[in-house]
$ cat data_38.txt   # compact mmCIF, C-alpha atoms
# COMPACT_ATOMS: atom_id res chain seq x y z
CA MET Q 267 -0.17 -19.98 -13.31
CA ALA Q 268 -1.13 -16.80 -15.13
CA SER Q 269 1.10 -17.85 -18.03
CA ARG Q 270 -0.98 -21.03 -18.29
CA GLY Q 271 -4.17 -19.04 -18.66
CA LEU Q 272 -5.40 -19.57 -15.10
CA ARG Q 273 -7.03 -16.86 -13.01
CA THR Q 274 -4.75 -15.52 -10.30
CA ALA Q 275 -5.49 -13.13 -7.47
CA ILE Q 276 -3.74 -11.52 -4.50
CA LEU Q 277 -5.46 -10.33 -1.34
CA ASP Q 278 -3.41 -7.97 0.80
CA LEU Q 279 -4.77 -7.87 4.35
CA THR Q 280 -3.32 -4.50 5.34
CA MET Q 281 -2.47 -1.24 3.63
CA GLY Q 282 1.12 -1.31 4.91
CA GLU Q 283 0.62 1.88 6.88
CA ALA Q 284 2.94 0.89 9.75
CA GLY Q 285 5.97 0.20 7.57
CA THR Q 286 9.24 1.97 8.34
CA ARG Q 287 9.46 3.12 4.75
CA GLY Q 288 6.80 4.56 2.47
CA THR Q 289 3.09 5.18 3.00
CA ALA Q 290 -0.12 3.27 2.45
CA LEU Q 291 -0.62 5.27 -0.76
CA ASP Q 292 2.86 4.28 -1.96
CA ARG Q 293 2.09 0.63 -1.22
CA ALA Q 294 -1.19 0.76 -3.15
CA ARG Q 295 0.49 2.17 -6.26
CA GLU Q 296 3.35 -0.31 -6.03
CA ALA Q 297 1.00 -3.26 -5.49
CA GLU Q 298 -0.88 -2.31 -8.66
CA THR Q 299 2.38 -2.18 -10.62
CA ALA Q 300 3.56 -5.52 -9.20
CA ALA Q 301 0.21 -7.15 -9.99
CA GLY Q 302 0.55 -6.08 -13.61
CA LEU Q 303 4.06 -7.49 -13.83
CA LEU Q 304 2.87 -10.81 -12.40
CA GLY Q 305 -0.17 -11.05 -14.67
CA VAL Q 306 -2.51 -11.06 -11.68
CA SER Q 307 -6.11 -10.58 -12.75
CA TRP Q 308 -7.44 -9.36 -9.37
CA ARG Q 309 -5.75 -7.63 -6.46
CA GLN Q 310 -7.30 -5.81 -3.55
CA ALA Q 311 -6.43 -4.90 0.04
CA LEU Q 312 -8.39 -5.10 3.24
CA ASN Q 313 -7.73 -2.47 5.89
CA LEU Q 314 -6.75 -4.71 8.80
CA PRO Q 315 -4.30 -2.87 11.11
CA ASP Q 316 -0.73 -3.28 9.89
CA GLY Q 317 1.37 -4.94 12.57
CA ALA Q 318 -1.68 -5.80 14.67
CA ILE Q 319 -3.70 -8.40 12.73
CA GLU Q 320 -5.79 -10.61 15.00
CA ASN Q 321 -7.50 -13.93 14.35
CA THR Q 322 -11.04 -12.83 15.12
CA LEU Q 323 -14.39 -13.96 13.74
CA GLU Q 324 -14.84 -10.56 12.11
CA ASN Q 325 -11.51 -10.85 10.28
CA ARG Q 326 -12.20 -14.45 9.26
CA MET Q 327 -15.54 -13.38 7.80
CA ARG Q 328 -13.92 -10.62 5.78
CA ILE Q 329 -11.68 -13.21 4.17
CA VAL Q 330 -14.62 -15.61 3.74
CA ARG Q 331 -16.42 -13.03 1.61
CA VAL Q 332 -13.39 -12.75 -0.68
CA LEU Q 333 -12.95 -16.54 -0.90
CA ARG Q 334 -16.60 -16.96 -1.85
CA GLN Q 335 -16.35 -14.18 -4.41
CA LEU Q 336 -13.17 -15.49 -6.11
CA ARG Q 337 -13.69 -19.24 -5.46
CA PRO Q 338 -10.02 -20.28 -5.71
CA ARG Q 339 -9.03 -23.92 -6.04
CA VAL Q 340 -5.58 -23.25 -4.58
CA LEU Q 341 -4.84 -20.84 -1.74
CA ILE Q 342 -1.27 -19.79 -0.92
CA LEU Q 343 -0.68 -18.56 2.64
CA PRO Q 344 2.43 -17.34 4.47
CA TYR Q 345 4.33 -20.03 6.36
CA TRP Q 346 3.17 -20.29 9.99
CA GLN Q 347 6.52 -19.29 11.50
CA ALA Q 348 7.77 -15.85 10.52
CA ARG Q 349 9.73 -12.85 11.77
CA HIS Q 350 6.74 -10.55 11.20
CA PRO Q 351 3.85 -11.40 13.58
CA ASP Q 352 1.24 -10.55 10.93
CA HIS Q 353 2.63 -13.20 8.60
CA SER Q 354 2.47 -16.04 11.10
CA ILE Q 355 -1.02 -15.05 12.27
CA VAL Q 356 -2.31 -14.92 8.70
CA ALA Q 357 -1.32 -18.57 8.18
CA THR Q 358 -3.87 -19.56 10.81
CA LEU Q 359 -6.35 -16.83 9.95
CA GLY Q 360 -6.45 -17.87 6.29
CA TYR Q 361 -6.78 -21.57 7.10
CA GLU Q 362 -9.66 -21.03 9.53
CA ALA Q 363 -11.39 -18.64 7.11
CA SER Q 364 -11.15 -21.33 4.43
CA PHE Q 365 -12.89 -23.81 6.69
CA LEU Q 366 -15.58 -21.29 7.61
CA SER Q 367 -16.08 -20.41 3.94
CA GLY Q 368 -17.25 -23.95 3.21
CA LEU Q 369 -20.02 -24.00 5.81
CA ALA Q 370 -23.45 -23.70 4.20
CA LYS Q 371 -25.04 -22.18 7.29
CA VAL Q 372 -22.56 -19.30 7.36
CA GLU Q 373 -24.48 -16.82 5.25
CA THR Q 374 -22.94 -14.24 2.94
CA ALA Q 375 -23.95 -12.74 -0.40
CA SER Q 376 -22.07 -15.51 -2.25
CA ALA Q 377 -22.49 -19.28 -2.04
CA PRO Q 378 -20.20 -21.40 0.18
CA HIS Q 379 -16.81 -22.34 -1.22
CA ARG Q 380 -13.75 -24.00 0.27
CA PRO Q 381 -10.35 -24.09 -1.48
CA PHE Q 382 -9.29 -27.62 -2.45
CA LYS Q 383 -5.60 -27.09 -1.71
CA ILE Q 384 -3.85 -24.85 0.80
CA VAL Q 385 -0.08 -24.45 0.50
CA TYR Q 386 2.34 -22.30 2.46
CA ALA Q 387 5.03 -20.07 0.92
CA SER Q 388 8.16 -21.13 2.81
CA LEU Q 389 10.87 -19.08 1.06
CA TYR Q 390 11.88 -17.25 4.24
CA ALA Q 391 11.44 -20.19 6.63
CA ASP Q 392 14.26 -22.52 7.58
CA VAL Q 393 12.31 -25.66 6.70
CA ARG Q 394 12.54 -28.39 4.10
CA PRO Q 395 9.92 -27.68 1.42
CA SER Q 396 7.31 -30.25 0.42
CA PHE Q 397 7.81 -29.31 -3.22
CA ILE Q 398 9.46 -26.70 -5.42
CA VAL Q 399 8.02 -24.90 -8.42
CA ASP Q 400 10.32 -24.24 -11.37
CA ILE Q 401 10.33 -20.46 -11.81
CA THR Q 402 13.27 -20.32 -14.24
CA PRO Q 403 11.29 -18.67 -17.09
CA PHE Q 404 9.91 -16.07 -14.67
CA ILE Q 405 12.89 -15.14 -12.49
CA GLU Q 406 13.33 -11.69 -14.09
CA GLN Q 407 9.59 -11.08 -13.89
CA ARG Q 408 9.63 -11.98 -10.19
CA HIS Q 409 12.54 -9.62 -9.54
CA ALA Q 410 10.82 -6.77 -11.39
CA ALA Q 411 7.66 -7.29 -9.33
CA LEU Q 412 9.69 -7.19 -6.11
CA MET Q 413 11.52 -4.04 -7.13
CA ALA Q 414 8.22 -2.36 -7.97
CA TYR Q 415 8.15 -1.65 -4.22
CA GLN Q 416 10.64 1.20 -4.46
CA SER Q 417 9.33 2.80 -1.26
CA GLN Q 418 10.65 -0.28 0.57
CA TYR Q 419 13.68 -1.44 -1.37
CA ALA Q 420 15.27 1.69 -2.87
CA ASN Q 421 18.22 2.99 -0.85
CA GLN Q 422 17.18 5.67 1.63
CA ALA Q 423 18.01 6.92 5.11
CA ALA Q 424 14.89 5.53 6.79
CA GLY Q 425 15.46 1.97 7.94
CA SER Q 426 18.96 1.81 6.42
CA GLY Q 427 20.07 -0.49 9.23
CA LEU Q 428 17.15 -2.86 8.72
CA PHE Q 429 16.86 -3.26 4.95
CA VAL Q 430 19.22 -4.95 2.52
CA PRO Q 431 21.01 -2.38 0.32
CA GLU Q 432 19.26 -2.07 -3.04
CA GLU Q 433 22.35 -3.18 -4.96
CA GLU Q 434 22.40 -6.50 -3.04
CA ILE Q 435 18.75 -7.49 -3.45
CA ARG Q 436 19.14 -9.07 -6.87
CA GLU Q 437 22.18 -11.12 -5.85
CA ARG Q 438 20.53 -12.38 -2.66
CA THR Q 439 17.15 -13.27 -4.13
CA PHE Q 440 18.64 -14.94 -7.20
CA ALA Q 441 21.04 -16.94 -5.01
CA GLU Q 442 18.20 -18.18 -2.84
CA ALA Q 443 16.11 -19.14 -5.88
CA ARG Q 444 19.19 -20.87 -7.33
CA HIS Q 445 19.62 -22.88 -4.11
CA TYR Q 446 16.07 -24.20 -4.25
CA GLY Q 447 16.38 -24.78 -7.97
CA LEU Q 448 19.44 -26.98 -7.39
CA LEU Q 449 17.49 -29.07 -4.88
CA ALA Q 450 14.85 -29.74 -7.54
CA GLY Q 451 17.14 -30.12 -10.53
CA VAL Q 452 16.15 -26.85 -12.20
CA ARG Q 453 17.87 -23.48 -12.44
CA TYR Q 454 15.60 -21.38 -10.22
CA GLY Q 455 12.94 -22.65 -7.82
CA GLU Q 456 10.32 -21.41 -5.35
CA PRO Q 457 9.68 -23.58 -2.25
CA PHE Q 458 6.30 -24.46 -0.73
CA VAL Q 459 5.05 -26.59 2.15
CA GLN Q 460 1.86 -28.63 2.34
CA LYS Q 461 0.61 -30.25 5.55
CA GLU Q 462 -1.04 -33.27 3.94
CA VAL Q 463 0.73 -36.15 2.20
CA GLY Q 464 1.16 -36.20 -1.56
CA LEU Q 465 -0.25 -38.74 -4.00
CA VAL Q 466 1.71 -40.31 -6.87
CA ASP Q 467 0.00 -42.17 -9.71
CA ASP Q 468 3.07 -43.44 -11.59
CA LEU Q 469 6.41 -43.99 -9.82
CA THR Q 470 8.28 -43.87 -13.13
CA LEU Q 471 7.22 -40.24 -13.63
CA VAL Q 472 8.20 -38.85 -10.22
CA PRO Q 473 10.52 -35.88 -10.95
CA VAL Q 474 13.92 -35.03 -9.38
CA GLN Q 475 16.69 -37.60 -9.67
CA SER Q 476 17.69 -39.46 -6.50
CA ILE Q 477 21.36 -40.19 -7.28

$ encode --input "data_38.txt" --output "structure tokens"
Amino acid sequence: MASRGLRTAILDLTMGEAGTRGTALDRAREAETAAGLLGVSWRQALNLPDGAIENTLENRMRIVRVLRQLRPRVLILPYWQARHPDHSIVATLGYEASFLSGLAKVETASAPHRPFKIVYASLYADVRPSFIVDITPFIEQRHAALMAYQSQYANQAAGSGLFVPEEEIRERTFAEARHYGLLAGVRYGEPFVQKEVGLVDDLTLVPVQSI
């Protein structure tokens, strides 16, 4: 999207302070580097407790203020089933904050705004995606942004039994992107899920060959 001249933004909800590897300061520096590699025009972090995010009115309102400030048309959330409890909770937290953000009687410094489309990043979920985005031109850029998080992905003693060895990360992530790309008829793809049905205007232009 950034390559098409659209505004892009990332909101991190925690500082990553509970991670097995690295510190919150490490994460902040790495997030800034990754944002630059991705062409993200705005990136900030809230200080919700890492590993203990709750779907409370206070937390929804903190996200509402960001939504009303940035006014996104599309919001990407984590898929609602995940190994990390924070990720699954944020799927609901972000959805409910989006609804709240559109209510005129909920007062903040910025005017009401509700995202038009909410999609869920399903890369690490064992589900059939609703659609796949062709990321072939950006696969090296994506890998560089991931590896910007050296405090997490560089080989080290801490968490060595939990994390994939650094030398395997490229092979694994490229293989997964190749799998989704094959499903969509492109080289590398990124899967997403939407809850609502899609709309097609012209059947002769629907992509991905059937046979």

$ closest_residue --input "data_38.txt" --among "Q:Leu366, Q:Val399, Q:Ala297, Q:Ile384" --to "Ile342 (chain Q)" --atoms "only C-alpha atoms"
Q:Ile384

$ residues_around --input "data_38.txt" --residues "Phe429 (chain Q)" --least-positions-apart "4" --cutoff "10 Å" --atoms "all atoms listed in the file" --output "list in words"
Thr286, Arg287, Gln418, Tyr419, Ala420, Asn421, Gln422, Ala424, Gly425 and Ile435 of chain Q

$ write_last_selection --input "data_38.txt" --atoms "C-alpha atoms" --output "mmCIF file, in the coordinates of the input"
data_model
loop_
_atom_site.group_PDB
_atom_site.id
_atom_site.type_symbol
_atom_site.label_atom_id
_atom_site.label_comp_id
_atom_site.auth_asym_id
_atom_site.auth_seq_id
_atom_site.Cartn_x
_atom_site.Cartn_y
_atom_site.Cartn_z
ATOM 1 C CA THR Q 286 9.240 1.970 8.340
ATOM 2 C CA ARG Q 287 9.460 3.120 4.750
ATOM 3 C CA GLN Q 418 10.650 -0.280 0.570
ATOM 4 C CA TYR Q 419 13.680 -1.440 -1.370
ATOM 5 C CA ALA Q 420 15.270 1.690 -2.870
ATOM 6 C CA ASN Q 421 18.220 2.990 -0.850
ATOM 7 C CA GLN Q 422 17.180 5.670 1.630
ATOM 8 C CA ALA Q 424 14.890 5.530 6.790
ATOM 9 C CA GLY Q 425 15.460 1.970 7.940
ATOM 10 C CA ILE Q 435 18.750 -7.490 -3.450
#

$ closest_residue --input "data_38.txt" --among "Q:His445, Q:Arg453, Q:Arg293, Q:Arg380" --to "Val332 (chain Q)" --atoms "only C-alpha atoms"
Q:Arg380

$ atom_distance --input "data_38.txt" --atom1 "CA of Gly302 (chain Q)" --atom2 "CA of Ala363 (chain Q)"
27.0 Å

$ atom_distance --input "data_38.txt" --atom1 "CA of Ile401 (chain Q)" --atom2 "CA of Gly288 (chain Q)"
29.0 Å

$ atom_distance --input "data_38.txt" --atom1 "CA of Tyr390 (chain Q)" --atom2 "CA of Thr358 (chain Q)"
17.2 Å

$ closest_atom_pairs --input "data_38.txt" --of "region 340-383 of chain Q" --to "region 458-469 of chain Q" --cutoff "10 Å" --atoms "all atoms listed in the file" --output "Markdown table"
| residue | atom | partner | partner_atom | distance |
| --- | --- | --- | --- | --- |
| Q:Ile342 | CA | Q:Phe458 | CA | 8.9 |
| Q:Leu343 | CA | Q:Phe458 | CA | 9.7 |
| Q:Pro344 | CA | Q:Phe458 | CA | 9.6 |
| Q:Tyr345 | CA | Q:Val459 | CA | 7.8 |
| Q:Lys383 | CA | Q:Gln460 | CA | 8.6 |

$ residues_around --input "data_38.txt" --residues "Phe397 (chain Q)" --least-positions-apart "4" --cutoff "12 Å" --atoms "only C-alpha atoms" --output "ChimeraX atom specification"
/Q:385-389,393,446-447,449-451,455-461,463-464,472-474

$ closest_residue --input "data_38.txt" --among "Q:Arg394, Q:Arg295, Q:Arg326, Q:Arg337" --to "Ala377 (chain Q)" --atoms "only C-alpha atoms"
Q:Arg337

$ residues_near_point --input "data_38.txt" --point "(-0.9, -13.4, 8.7)" --cutoff "10 Å" --atoms "all atoms listed in the file" --output "list in words"
Asp278, Leu279, Thr280, Gly317, Ala318, Ile319, Glu320, Asn321, Leu343, Pro344, Tyr345, Trp346, Gln347, Ala348, His350, Pro351, Asp352, His353, Ser354, Ile355, Val356, Ala357, Thr358, Leu359 and Gly360 of chain Q

$ closest_residue --input "data_38.txt" --among "Q:Ala410, Q:Leu428, Q:Leu291, Q:Val330" --to "Leu369 (chain Q)" --atoms "all atoms listed in the file"
Q:Val330

$ closest_residue --input "data_38.txt" --among "Q:Glu283, Q:Gly427, Q:Met327, Q:Pro403" --to "Ser367 (chain Q)" --atoms "all atoms listed in the file"
Q:Met327

$ residues_around --input "data_38.txt" --residues "Gln407 (chain Q)" --least-positions-apart "5" --cutoff "9 Å" --atoms "only C-alpha atoms" --output "tab-separated table (two decimals) with C-alpha atoms, keeping the file's coordinate frame"
chain	number	residue	atom	x	y	z
Q	303	LEU	CA	4.06	-7.49	-13.83
Q	304	LEU	CA	2.87	-10.81	-12.40
Q	412	LEU	CA	9.69	-7.19	-6.11

$ closest_residue --input "data_38.txt" --among "Q:Asn325, Q:Thr289, Q:Thr299, Q:Ser269" --to "Ser417 (chain Q)" --atoms "all atoms listed in the file"
Q:Thr289

$ residues_around --input "data_38.txt" --residues "region 374-376 of chain Q" --least-positions-apart "6" --cutoff "8 Å" --atoms "only C-alpha atoms" --output "VMD selection string"
chain Q and resid 331 334 to 335

$ residues_around --input "data_38.txt" --residues "Thr274 (chain Q)" --least-positions-apart "4" --cutoff "7 Å" --atoms "only C-alpha atoms" --output "ChimeraX atom specification"
/Q:268,306-308

$ axis_aligned_box --input "data_38.txt" --around "region 391-395 of chain Q" --padding-each-side "6 Å" --output "lines of an AutoDock Vina configuration file"
center_x = 12.1
center_y = -24.3
center_z = 4.5
size_x = 16.3
size_y = 20.2
size_z = 18.2

$ build_atoms --input "data_38.txt" --residues "region 402-418 of chain Q" --atoms "N, CA and C atoms" --output "tab-separated table (two decimals), in the frame of the given file"
chain	number	residue	atom	x	y	z
Q	402	THR	N	12.18	-20.77	-13.36
Q	402	THR	CA	13.27	-20.32	-14.24
Q	402	THR	C	12.80	-19.33	-15.32
Q	403	PRO	N	11.70	-19.62	-16.03
Q	403	PRO	CA	11.29	-18.67	-17.09
Q	403	PRO	C	10.80	-17.33	-16.55
Q	404	PHE	N	10.57	-17.25	-15.23
Q	404	PHE	CA	9.91	-16.07	-14.67
Q	404	PHE	C	10.78	-15.34	-13.64
Q	405	ILE	N	12.06	-15.71	-13.55
Q	405	ILE	CA	12.89	-15.14	-12.49
Q	405	ILE	C	13.07	-13.62	-12.65
Q	406	GLU	N	13.21	-13.14	-13.88
Q	406	GLU	CA	13.33	-11.69	-14.09
Q	406	GLU	C	12.01	-10.99	-13.81
Q	407	GLN	N	10.92	-11.63	-14.17
Q	407	GLN	CA	9.59	-11.08	-13.89
Q	407	GLN	C	9.37	-10.96	-12.39
Q	408	ARG	N	9.78	-11.99	-11.65
Q	408	ARG	CA	9.63	-11.98	-10.19
Q	408	ARG	C	10.45	-10.84	-9.59
Q	409	HIS	N	11.68	-10.68	-10.07
Q	409	HIS	CA	12.54	-9.62	-9.54
Q	409	HIS	C	11.94	-8.24	-9.84
Q	410	ALA	N	11.42	-8.05	-11.03
Q	410	ALA	CA	10.82	-6.77	-11.39
Q	410	ALA	C	9.62	-6.46	-10.50
Q	411	ALA	N	8.82	-7.49	-10.19
Q	411	ALA	CA	7.66	-7.29	-9.33
Q	411	ALA	C	8.09	-6.91	-7.91
Q	412	LEU	N	9.16	-7.54	-7.43
Q	412	LEU	CA	9.69	-7.19	-6.11
Q	412	LEU	C	10.19	-5.75	-6.09
Q	413	MET	N	10.94	-5.37	-7.10
Q	413	MET	CA	11.52	-4.04	-7.13
Q	413	MET	C	10.51	-2.96	-7.47
Q	414	ALA	N	9.28	-3.36	-7.80
Q	414	ALA	CA	8.22	-2.36	-7.97
Q	414	ALA	C	7.97	-1.63	-6.65
Q	415	TYR	N	8.35	-2.25	-5.54
Q	415	TYR	CA	8.15	-1.65	-4.22
Q	415	TYR	C	9.35	-0.76	-3.88
Q	416	GLN	N	9.51	0.31	-4.65
Q	416	GLN	CA	10.64	1.20	-4.46
Q	416	GLN	C	10.60	1.91	-3.10
Q	417	SER	N	9.41	2.14	-2.57
Q	417	SER	CA	9.33	2.80	-1.26
Q	417	SER	C	9.95	1.93	-0.17
Q	418	GLN	N	10.03	0.62	-0.40
Q	418	GLN	CA	10.65	-0.28	0.57
Q	418	GLN	C	12.10	-0.59	0.25
